[in-house]
Amino acid sequence: MIAQAAAGVAAGGVALVWFRQDLRLADNPALVAAVASGLPVVPAFVLAEGDGSRPWGGASRWWLDKSLRSLGASLGDLGSRLVLRRGDPTLQILSLARQVGAAKVFWNRIYDAPGIARDTALKSALREDGIEVQSFNAGLLDEPWTVKTGVGGDFKVFTPYWRAARALLKGVKPQAAPNALVSPVAWPESEDLDAWGLHPRAPDWSGGFEAWRPGEGGAETRVDHFLETGLDGYGVRRDLPGGEAFSRLSPHLHWGEIGPRQVWRQSHAYVENRPDLASDLGKFLSELGWREFNHHLLFHNPTLPTENFRRNFDRFPWRNDPAGLEAWRRGRTGYPIVDAGMRELWATGFMHNRVRMVVASFLIKHLLIDWREGEAWFWDTLLDADLANNVANWQWSAGCGADAAPFFRIFNPVTQGEKFDGEGVYVRRWVPELARLPNAVLHSPWMASEPVLDRAGVRLGLDYPRPIVDHAMARQQALEAFKGLKVLD
DNA sequence: CCTGGAGTTGTCCTA
DNA sequence: TTAGGACAACTCCAG
């Protein structure tokens, strides 16, 4: 310990880079600033514990494990390392900064309330130690406080928000990754990633995650692949869960293995010689826009993760229904499109966007279960679980969020299945016990005649459940429940 | 301050 | 078969 501290101090101080949700070398302003300081650079990551922020879910921990290995390897290629610590990040960064003799500390910002409070306090503490601290924006196109309505307020409706946010973007120029990092004279000790147990054991339920490639390299491959194969016709094709026209960038964006500026720049560059793709590009970028908007909402509404954005929903008569919740989680509701989605989630850590809306609508409006239950399940099982996106989207689905779906918009799981999975590619993949049913009844097996069920080898109630609620009845019940929410804020 | 058009993703009934 | 309107009421936001 003494030798290490002495080594850092003797070299005239080092630049400490605290990685969080920016696990990349390219377009990383904190890293660029550290290199520009001319000091030896110590890159560090802290597995946060007990700092008031929400602990990562199981799927997120799986991803983080791989992403840290990737980042560590990339730093190794530059002759550097990634120093790992766990515990309260404030204490860990303070102690690490002192230990290595940091003259400067750099990080990229995050935008949830506990994180902001922690970072603010840490900044003061470091400065009291005479250490220079600087934070940057790596994760958003526009930081939340820069996008304002005409009268200086924060937007609550997406369309005007995105119009204003785009107008602020003048020449989006991602920064290049550094070519080399100067190492400190001596490295501080690092914890062992294997010992963190982020990869599930006993049992290892991550077998279905193998198609993912966490890390900066995987993110770059994903963008290229999407632009080549998914952008053409994205506006329509993105809605088909059996297809492939979606980017799958969300987990990479969540961990900052690629930043929105890079996605913005690359997709514009790709479309430069393809004017026919302008409309599809706009659709794709508006998805980035929703990500921006969700972070904007979270920043301006710190209680978004736990409280209804529209407070009149505080009176909503949510049902306590453990059996229904469990059927939903396991994909045993008897509605094939819902069950397919929930099983895709469980198996792969991902769910198609259209299907996310369908299953959310089902939990909230058919089962009348609190959106927070669904949000918690997604948080644990989604590889792209992101606080801002998850809570804002669940609130939107429930009707209590910003710019939310009107209450009478109750998805019919049969109609949705027929409309967006008409050929049954998606349902047959994830609900294989129904695979031999003809398309006409695939999304409503309870409507099939006995001979049709027999031929398909389906015994309702045995091989596949009957619907746990009747759609028409549930719909009426939901409309009644929502009627009780007269606004009187 | 006032006004009025608009608001991610739908469903169902009727003509 | 298909197209159009009802479904409520509210808030947001620009002019």
# chains A, B, ... in the order shown; residues from 1 in each chain; ligands from 1

$ select_by_dssp --residues "stretch 109-221 of chain A" --states "strand (DSSP E or B)" --output "JSON, numbers by chain"
{"A": [132, 133, 134, 135, 136]}

$ residues_around --residues "C:DC13" --least-positions-apart "4" --cutoff "12 Å" --atoms "only C-alpha atoms (C1' of nucleotides)" --output "VMD selection string"
(chain A and resid 148 to 161 164) or (chain B and resid 3 to 7)

$ closest_atom_pairs --of "chain B" --to "chain A" --cutoff "12 Å" --atoms "only C-alpha atoms (C1' of nucleotides)" --output "Markdown table"
| residue | atom | partner | partner_atom | distance |
| --- | --- | --- | --- | --- |
| B:DA6 | C1' | A:Thr159 | CA | 9.7 |
| B:DG7 | C1' | A:Asp403 | CA | 7.0 |
| B:DT8 | C1' | A:Phe158 | CA | 8.6 |
| B:DT9 | C1' | A:Arg354 | CA | 7.7 |
| B:DG10 | C1' | A:Arg409 | CA | 5.1 |
| B:DT11 | C1' | A:Arg409 | CA | 7.2 |
| B:DC12 | C1' | A:Asn412 | CA | 10.6 |

$ residues_around --residues "A:Gly207" --least-positions-apart "3" --cutoff "10 Å" --atoms "only C-alpha atoms (C1' of nucleotides)" --output "compact mmCIF listing (two decimals) with N, CA and C atoms, in the first residue's frame"
# COMPACT_ATOMS: atom_id res chain seq x y z
N ASP A 204 -26.69 -22.24 -13.61
CA ASP A 204 -26.36 -21.24 -14.63
C ASP A 204 -27.51 -21.19 -15.64
N GLU A 210 -26.27 -16.75 -25.24
CA GLU A 210 -25.00 -16.87 -25.97
C GLU A 210 -24.93 -16.05 -27.26
N ALA A 211 -26.10 -15.70 -27.81
CA ALA A 211 -26.08 -14.94 -29.07
C ALA A 211 -25.57 -13.51 -28.85
N ALA A 347 -35.69 -16.67 -21.64
CA ALA A 347 -34.65 -17.47 -22.28
C ALA A 347 -33.48 -16.63 -22.76
N THR A 348 -33.78 -15.45 -23.31
CA THR A 348 -32.73 -14.70 -24.02
C THR A 348 -32.36 -13.38 -23.36

$ closest_residue --among "A:Leu25, A:Ser124, A:Ala402, A:Gly171" --to "C:DT11" --atoms "only C-alpha atoms (C1' of nucleotides)"
A:Ala402

$ interface_residues --of "chain C" --to "chain A" --cutoff "9 Å" --atoms "only C-alpha atoms (C1' of nucleotides)" --output "PyMOL selection string"
chain C and resi 7+9-14

$ write_last_selection --atoms "N, CA and C atoms (P, O5', C5', C4', C3', O3' and C1' of nucleotides)" --output "PDB file, in the first residue's frame"
ATOM      1  P    DC C   7     -68.903   8.242 -27.643  1.00  0.00           P
ATOM      2  O5'  DC C   7     -67.694   7.541 -26.896  1.00  0.00           O
ATOM      3  C5'  DC C   7     -67.644   6.110 -26.813  1.00  0.00           C
ATOM      4  C4'  DC C   7     -66.288   5.726 -26.304  1.00  0.00           C
ATOM      5  C3'  DC C   7     -65.708   6.691 -25.270  1.00  0.00           C
ATOM      6  O3'  DC C   7     -65.712   6.075 -23.994  1.00  0.00           O
ATOM      7  C1'  DC C   7     -64.071   5.949 -26.822  1.00  0.00           C
ATOM      8  P    DA C   9     -65.946  12.755 -20.231  1.00  0.00           P
ATOM      9  O5'  DA C   9     -64.557  13.375 -19.820  1.00  0.00           O
ATOM     10  C5'  DA C   9     -63.786  12.724 -18.818  1.00  0.00           C
ATOM     11  C4'  DA C   9     -62.386  13.240 -18.866  1.00  0.00           C
ATOM     12  C3'  DA C   9     -62.248  14.758 -18.692  1.00  0.00           C
ATOM     13  O3'  DA C   9     -61.407  14.979 -17.585  1.00  0.00           O
ATOM     14  C1'  DA C   9     -60.907  13.983 -20.464  1.00  0.00           C
ATOM     15  P    DC C  10     -61.215  16.394 -17.013  1.00  0.00           P
ATOM     16  O5'  DC C  10     -59.653  16.558 -17.246  1.00  0.00           O
ATOM     17  C5'  DC C  10     -58.794  15.442 -16.969  1.00  0.00           C
ATOM     18  C4'  DC C  10     -57.511  15.646 -17.702  1.00  0.00           C
ATOM     19  C3'  DC C  10     -56.947  17.053 -17.585  1.00  0.00           C
ATOM     20  O3'  DC C  10     -55.856  17.029 -16.677  1.00  0.00           O
ATOM     21  C1'  DC C  10     -56.695  16.155 -19.780  1.00  0.00           C
ATOM     22  P    DT C  11     -55.274  18.366 -16.180  1.00  0.00           P
ATOM     23  O5'  DT C  11     -53.839  18.308 -16.866  1.00  0.00           O
ATOM     24  C5'  DT C  11     -53.242  17.047 -17.166  1.00  0.00           C
ATOM     25  C4'  DT C  11     -52.246  17.274 -18.268  1.00  0.00           C
ATOM     26  C3'  DT C  11     -51.446  18.566 -18.123  1.00  0.00           C
ATOM     27  O3'  DT C  11     -50.091  18.218 -18.270  1.00  0.00           O
ATOM     28  C1'  DT C  11     -52.396  18.417 -20.294  1.00  0.00           C
ATOM     29  P    DC C  12     -48.972  19.209 -17.946  1.00  0.00           P
ATOM     30  O5'  DC C  12     -48.359  19.400 -19.396  1.00  0.00           O
ATOM     31  C5'  DC C  12     -48.191  18.244 -20.203  1.00  0.00           C
ATOM     32  C4'  DC C  12     -47.959  18.661 -21.624  1.00  0.00           C
ATOM     33  C3'  DC C  12     -46.981  19.828 -21.792  1.00  0.00           C
ATOM     34  O3'  DC C  12     -46.033  19.427 -22.758  1.00  0.00           O
ATOM     35  C1'  DC C  12     -48.984  20.242 -22.998  1.00  0.00           C
ATOM     36  P    DC C  13     -44.627  20.062 -22.735  1.00  0.00           P
ATOM     37  O5'  DC C  13     -44.817  21.182 -23.848  1.00  0.00           O
ATOM     38  C5'  DC C  13     -45.162  20.742 -25.152  1.00  0.00           C
ATOM     39  C4'  DC C  13     -45.598  21.905 -25.991  1.00  0.00           C
ATOM     40  C3'  DC C  13     -44.741  23.178 -25.825  1.00  0.00           C
ATOM     41  O3'  DC C  13     -44.386  23.601 -27.109  1.00  0.00           O
ATOM     42  C1'  DC C  13     -47.033  23.696 -25.723  1.00  0.00           C
ATOM     43  P    DA C  14     -43.114  24.434 -27.325  1.00  0.00           P
ATOM     44  O5'  DA C  14     -43.579  25.246 -28.607  1.00  0.00           O
ATOM     45  C5'  DA C  14     -44.254  24.541 -29.641  1.00  0.00           C
ATOM     46  C4'  DA C  14     -45.218  25.478 -30.336  1.00  0.00           C
ATOM     47  C3'  DA C  14     -44.622  26.848 -30.663  1.00  0.00           C
ATOM     48  O3'  DA C  14     -45.043  27.208 -31.965  1.00  0.00           O
ATOM     49  C1'  DA C  14     -46.573  27.120 -29.361  1.00  0.00           C
TER      50       DA C  14
END

$ select_by_dssp --residues "stretch 348-405 of chain A" --states "helix (DSSP H, G or I)" --output "tab-separated table (two decimals) with N, CA and C atoms, in the first residue's frame"
chain	number	residue	atom	x	y	z
A	348	THR	N	-33.78	-15.45	-23.31
A	348	THR	CA	-32.73	-14.70	-24.02
A	348	THR	C	-32.36	-13.38	-23.36
A	353	ASN	N	-39.87	-5.21	-28.97
A	353	ASN	CA	-40.53	-4.00	-28.49
A	353	ASN	C	-42.05	-4.07	-28.57
A	354	ARG	N	-42.57	-4.49	-29.70
A	354	ARG	CA	-44.03	-4.58	-29.85
A	354	ARG	C	-44.62	-5.51	-28.79
A	355	VAL	N	-43.93	-6.62	-28.56
A	355	VAL	CA	-44.43	-7.62	-27.61
A	355	VAL	C	-44.31	-7.09	-26.18
A	356	ARG	N	-43.31	-6.26	-25.92
A	356	ARG	CA	-43.22	-5.64	-24.58
A	356	ARG	C	-44.48	-4.84	-24.28
A	357	MET	N	-44.97	-4.13	-25.29
A	357	MET	CA	-46.19	-3.35	-25.07
A	357	MET	C	-47.37	-4.26	-24.81
A	358	VAL	N	-47.43	-5.37	-25.54
A	358	VAL	CA	-48.55	-6.29	-25.39
A	358	VAL	C	-48.54	-6.92	-24.00
A	359	VAL	N	-47.38	-7.40	-23.55
A	359	VAL	CA	-47.34	-8.07	-22.24
A	359	VAL	C	-47.54	-7.06	-21.11
A	360	ALA	N	-47.08	-5.83	-21.31
A	360	ALA	CA	-47.28	-4.80	-20.28
A	360	ALA	C	-48.76	-4.46	-20.18
A	361	SER	N	-49.38	-4.27	-21.32
A	361	SER	CA	-50.81	-3.98	-21.33
A	361	SER	C	-51.57	-5.12	-20.66
A	362	PHE	N	-51.16	-6.35	-20.92
A	362	PHE	CA	-51.85	-7.51	-20.35
A	362	PHE	C	-51.74	-7.52	-18.82
A	363	LEU	N	-50.54	-7.32	-18.32
A	363	LEU	CA	-50.35	-7.35	-16.86
A	363	LEU	C	-51.19	-6.26	-16.20
A	364	ILE	N	-51.15	-5.07	-16.80
A	364	ILE	CA	-51.79	-3.93	-16.17
A	364	ILE	C	-53.30	-3.93	-16.39
A	365	LYS	N	-53.71	-4.14	-17.63
A	365	LYS	CA	-55.12	-3.92	-17.95
A	365	LYS	C	-55.96	-5.19	-17.94
A	366	HIS	N	-55.34	-6.33	-18.17
A	366	HIS	CA	-56.11	-7.57	-18.06
A	366	HIS	C	-56.06	-8.14	-16.64
A	371	TRP	N	-48.09	-1.71	-12.15
A	371	TRP	CA	-47.00	-1.66	-13.13
A	371	TRP	C	-45.64	-1.88	-12.48
A	372	ARG	N	-45.52	-1.58	-11.19
A	372	ARG	CA	-44.23	-1.74	-10.53
A	372	ARG	C	-43.81	-3.21	-10.46
A	373	GLU	N	-44.81	-4.12	-10.41
A	373	GLU	CA	-44.49	-5.55	-10.42
A	373	GLU	C	-43.87	-5.94	-11.76
A	374	GLY	N	-44.44	-5.43	-12.83
A	374	GLY	CA	-43.88	-5.73	-14.15
A	374	GLY	C	-42.52	-5.10	-14.31
A	375	GLU	N	-42.40	-3.89	-13.83
A	375	GLU	CA	-41.12	-3.18	-13.94
A	375	GLU	C	-40.04	-3.95	-13.19
A	376	ALA	N	-40.36	-4.47	-12.02
A	376	ALA	CA	-39.37	-5.21	-11.23
A	376	ALA	C	-38.94	-6.50	-11.95
A	377	TRP	N	-39.90	-7.17	-12.58
A	377	TRP	CA	-39.56	-8.41	-13.29
A	377	TRP	C	-38.65	-8.10	-14.49
A	378	PHE	N	-39.01	-7.07	-15.22
A	378	PHE	CA	-38.17	-6.67	-16.36
A	378	PHE	C	-36.77	-6.27	-15.88
A	379	TRP	N	-36.73	-5.58	-14.76
A	379	TRP	CA	-35.44	-5.12	-14.23
A	379	TRP	C	-34.51	-6.32	-13.97
A	380	ASP	N	-35.10	-7.39	-13.48
A	380	ASP	CA	-34.29	-8.55	-13.14
A	380	ASP	C	-33.92	-9.40	-14.36
A	381	THR	N	-34.80	-9.42	-15.35
A	381	THR	CA	-34.62	-10.40	-16.44
A	381	THR	C	-34.10	-9.80	-17.74
A	387	LEU	N	-32.79	2.01	-15.90
A	387	LEU	CA	-33.74	2.62	-14.98
A	387	LEU	C	-34.68	3.60	-15.71
A	388	ALA	N	-34.10	4.53	-16.46
A	388	ALA	CA	-34.92	5.55	-17.12
A	388	ALA	C	-35.89	4.91	-18.11
A	389	ASN	N	-35.37	4.04	-18.97
A	389	ASN	CA	-36.22	3.44	-20.00
A	389	ASN	C	-37.26	2.52	-19.39
A	390	ASN	N	-36.85	1.72	-18.42
A	390	ASN	CA	-37.77	0.74	-17.87
A	390	ASN	C	-38.93	1.42	-17.15
A	391	VAL	N	-38.64	2.35	-16.27
A	391	VAL	CA	-39.74	2.94	-15.50
A	391	VAL	C	-40.60	3.86	-16.38
A	392	ALA	N	-39.97	4.60	-17.27
A	392	ALA	CA	-40.76	5.50	-18.11
A	392	ALA	C	-41.67	4.71	-19.05
A	393	ASN	N	-41.16	3.62	-19.59
A	393	ASN	CA	-41.97	2.82	-20.50
A	393	ASN	C	-43.10	2.09	-19.77
A	394	TRP	N	-42.82	1.60	-18.58
A	394	TRP	CA	-43.90	0.94	-17.81
A	394	TRP	C	-44.97	1.96	-17.43
A	395	GLN	N	-44.56	3.14	-17.04
A	395	GLN	CA	-45.56	4.15	-16.69
A	395	GLN	C	-46.35	4.56	-17.94
A	396	TRP	N	-45.67	4.61	-19.05
A	396	TRP	CA	-46.36	4.95	-20.30
A	396	TRP	C	-47.41	3.90	-20.61
A	397	SER	N	-47.03	2.63	-20.48
A	397	SER	CA	-47.96	1.55	-20.77
A	397	SER	C	-49.15	1.58	-19.81
A	398	ALA	N	-48.89	1.86	-18.56
A	398	ALA	CA	-49.95	1.86	-17.56
A	398	ALA	C	-50.91	3.02	-17.76

$ residues_around --residues "B:DT14" --least-positions-apart "4" --cutoff "12 Å" --atoms "only C-alpha atoms (C1' of nucleotides)" --output "list in words"
DT2, DA3, DG4, DG5 and DA6 of chain C

$ atom_distance --atom1 "atom CA of A:Leu169" --atom2 "atom CA of A:Leu141"
7.6 Å
